[in-house]
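S.K.: Once you've had a glance at the structure underneath, I'll fire off some questions.
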Amino acid sequence: MKIGTDGVLLGAWTPIENNPFSILDIGTGTGIIALMLAQRSAAAQIDALEIDENAYEQATDNFENSPWNDRLFCFHAGLDEFVEEPEDEYDIIVSNPPFYSEDYKTNDDQRDLARFQDAMPFEDLIEAAALLLSENGIFSVIIPFKEESTFLALAEEYQLFPIKITRVKGTPTSETKRSLLAFSRSERANFSLDELIIETARHIYTAEYIALTTDFYLKMKSS
């Protein structure tokens, strides 16, 4: 599985000002987000969850070959299994959930499992976050912008409130494509809302995108 921009964005953007001790990455794929949070934080416990066997094996290999292998662990399980007997609370919970609709289904079952919402409905994800998040924890996701209002409403039902929203556009003239959302258990009168543009032209990245992700790329080009 290729490393996608969504995963890189979430791994770099997720707020960690609560100095997390424990982190959970739900649906880790290759493990990129968990690895980025290991690089960014001093969290002693970084757990990842992956249902697909090939992705789980790849994530495990990536964890073992990383400088942070003593802090990273991948569970081969679905979210429903993981929350049946929760043993830990987490200070950071992150997820780049599968969210493609039926219209995009392919003939590749493994790819579909990794990409489609029926593998992990938003409400299941939010319910799990509400169950597993520590008192001062932060839950962050990246979702399609068109799903933002639905996701915010569902989160509020579980007493999770936005603290930061960043809307992502590919170029200055393109439509808003993604929403990065961070939640906590405490309702705040004000939350930060901003916009991030990735490129000014093909492979010519904005200063804001470079500032966010430069620690994770070997080469970056700006205009």
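Each chain in the structure tokens gets a letter, A, B and so on, in the order shown; residues start at 1 in every chain, and ligands are counted from 1 in the order they appear.
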Counting only C-alpha atoms, what is within 7 Å of Ile26 in chain A, bar same-chain residues fewer than 6 positions away, as a list in words?
M.R.: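 Selected residues are Ala48, Leu49, Glu50, Val94 and Ser95 of chain A.
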S.K.: Mind dumping the selected residues with N, CA and C atoms as an mmCIF file, in the first residue's frame?
M.R.:
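So result-v5.cif came out as:
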```cif
data_model
loop_
_atom_site.group_PDB
_atom_site.id
_atom_site.type_symbol
_atom_site.label_atom_id
_atom_site.label_comp_id
_atom_site.auth_asym_id
_atom_site.auth_seq_id
_atom_site.Cartn_x
_atom_site.Cartn_y
_atom_site.Cartn_z
ATOM 1 N N ALA A 48 -1.323 0.224 17.649
ATOM 2 C CA ALA A 48 -1.965 0.379 16.351
ATOM 3 C C ALA A 48 -2.875 -0.815 16.127
ATOM 4 N N LEU A 49 -3.924 -0.595 15.371
ATOM 5 C CA LEU A 49 -4.936 -1.616 15.140
ATOM 6 C C LEU A 49 -5.128 -1.770 13.638
ATOM 7 N N GLU A 50 -5.066 -3.008 13.148
ATOM 8 C CA GLU A 50 -5.241 -3.244 11.707
ATOM 9 C C GLU A 50 -5.910 -4.598 11.483
ATOM 10 N N VAL A 94 -6.018 8.401 16.977
ATOM 11 C CA VAL A 94 -6.030 8.920 15.607
ATOM 12 C C VAL A 94 -6.611 7.871 14.672
ATOM 13 N N SER A 95 -7.209 8.338 13.585
ATOM 14 C CA SER A 95 -7.685 7.410 12.560
ATOM 15 C C SER A 95 -7.810 8.121 11.224
#
```
S.K.: Residues of chain A in alpha helix (DSSP H) according to DSSP, as a PyMOL selection string?
M.R.: chain A and resi 5-13+32-40+53-64+79-82+109-115+122-132+148-157+207-213
S.K.: Excluding range 128-131 of chain A and any residue of its chain fewer than 5 positions from it, enumerate the residues within 8 Å of it, using only C-alpha atoms, and give them as number ranges by chain.
M.R.: A: 79, 83, 93, 139, 158-160
S.K.: Would you save the residues of that selection, restricted to all heavy atoms, as a compact mmCIF listing (two decimals), in the first residue's frame?
M.R.:
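File part20.txt, as written:
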```txt
# COMPACT_ATOMS: atom_id res chain seq x y z
N LEU A 79 -11.94 -3.30 15.01
CA LEU A 79 -12.27 -2.35 16.08
C LEU A 79 -13.28 -2.95 17.04
O LEU A 79 -13.18 -2.75 18.26
CB LEU A 79 -12.81 -1.06 15.46
CG LEU A 79 -13.14 0.09 16.41
CD1 LEU A 79 -11.92 0.50 17.22
CD2 LEU A 79 -13.70 1.28 15.63
N VAL A 83 -12.55 -3.25 21.22
CA VAL A 83 -13.27 -2.50 22.26
C VAL A 83 -14.10 -3.41 23.17
O VAL A 83 -14.68 -2.93 24.14
CB VAL A 83 -14.20 -1.42 21.65
CG1 VAL A 83 -13.38 -0.40 20.89
CG2 VAL A 83 -15.27 -2.03 20.76
N ILE A 93 -5.95 9.46 20.24
CA ILE A 93 -6.51 8.45 19.34
C ILE A 93 -6.59 9.07 17.96
O ILE A 93 -7.14 10.17 17.80
CB ILE A 93 -7.90 7.97 19.80
CG1 ILE A 93 -7.82 7.30 21.18
CG2 ILE A 93 -8.51 7.02 18.78
CD1 ILE A 93 -9.16 6.87 21.76
N PHE A 139 -8.76 13.25 20.21
CA PHE A 139 -9.15 12.32 19.15
C PHE A 139 -9.09 13.07 17.83
O PHE A 139 -9.73 14.12 17.68
CB PHE A 139 -10.57 11.81 19.43
CG PHE A 139 -11.24 11.08 18.30
CD1 PHE A 139 -10.58 10.09 17.58
CD2 PHE A 139 -12.57 11.38 17.95
CE1 PHE A 139 -11.22 9.41 16.54
CE2 PHE A 139 -13.20 10.70 16.93
CZ PHE A 139 -12.53 9.72 16.22
N TYR A 158 -21.66 11.90 21.40
CA TYR A 158 -20.81 11.13 22.31
C TYR A 158 -19.96 12.05 23.21
O TYR A 158 -18.96 11.62 23.77
CB TYR A 158 -19.92 10.18 21.51
CG TYR A 158 -20.69 9.00 20.94
CD1 TYR A 158 -21.28 9.07 19.69
CD2 TYR A 158 -20.83 7.82 21.67
CE1 TYR A 158 -22.00 8.00 19.16
CE2 TYR A 158 -21.55 6.75 21.16
CZ TYR A 158 -22.13 6.85 19.91
OH TYR A 158 -22.84 5.78 19.41
N GLN A 159 -20.38 13.31 23.32
CA GLN A 159 -19.70 14.28 24.19
C GLN A 159 -18.24 14.49 23.80
O GLN A 159 -17.36 14.62 24.66
CB GLN A 159 -19.81 13.85 25.67
CG GLN A 159 -21.24 13.70 26.16
CD GLN A 159 -21.99 15.03 26.16
OE1 GLN A 159 -21.63 15.95 26.88
NE2 GLN A 159 -23.03 15.15 25.32
N LEU A 160 -18.00 14.51 22.50
CA LEU A 160 -16.68 14.86 21.98
C LEU A 160 -16.84 16.14 21.17
O LEU A 160 -17.68 16.23 20.27
CB LEU A 160 -16.14 13.73 21.08
CG LEU A 160 -15.83 12.41 21.79
CD1 LEU A 160 -15.50 11.32 20.78
CD2 LEU A 160 -14.68 12.58 22.80
```
S.K.: Could you jot down the CA of Glu135 in chain A to CA of Phe21 in chain A separation for me, Å, one decimal place?
M.R.: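 Going from CA of Glu135 in chain A over to CA of Phe21 in chain A, I get 12.7 Å.
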S.K.: Residues of range 17-201 of chain A in strand (DSSP E) according to DSSP, as JSON, numbers by chain?
M.R.: {"A": [22, 23, 24, 25, 26, 45, 46, 47, 48, 49, 50, 72, 73, 74, 75, 76, 90, 91, 92, 93, 94, 95, 133, 134, 135, 136, 137, 138, 139, 140, 141, 142, 143, 144, 161, 162, 163, 164, 165, 166, 167, 168, 169, 176, 177, 178, 179, 180, 181, 182, 183, 184, 192, 193, 194, 195, 196, 197, 199, 200, 201]}
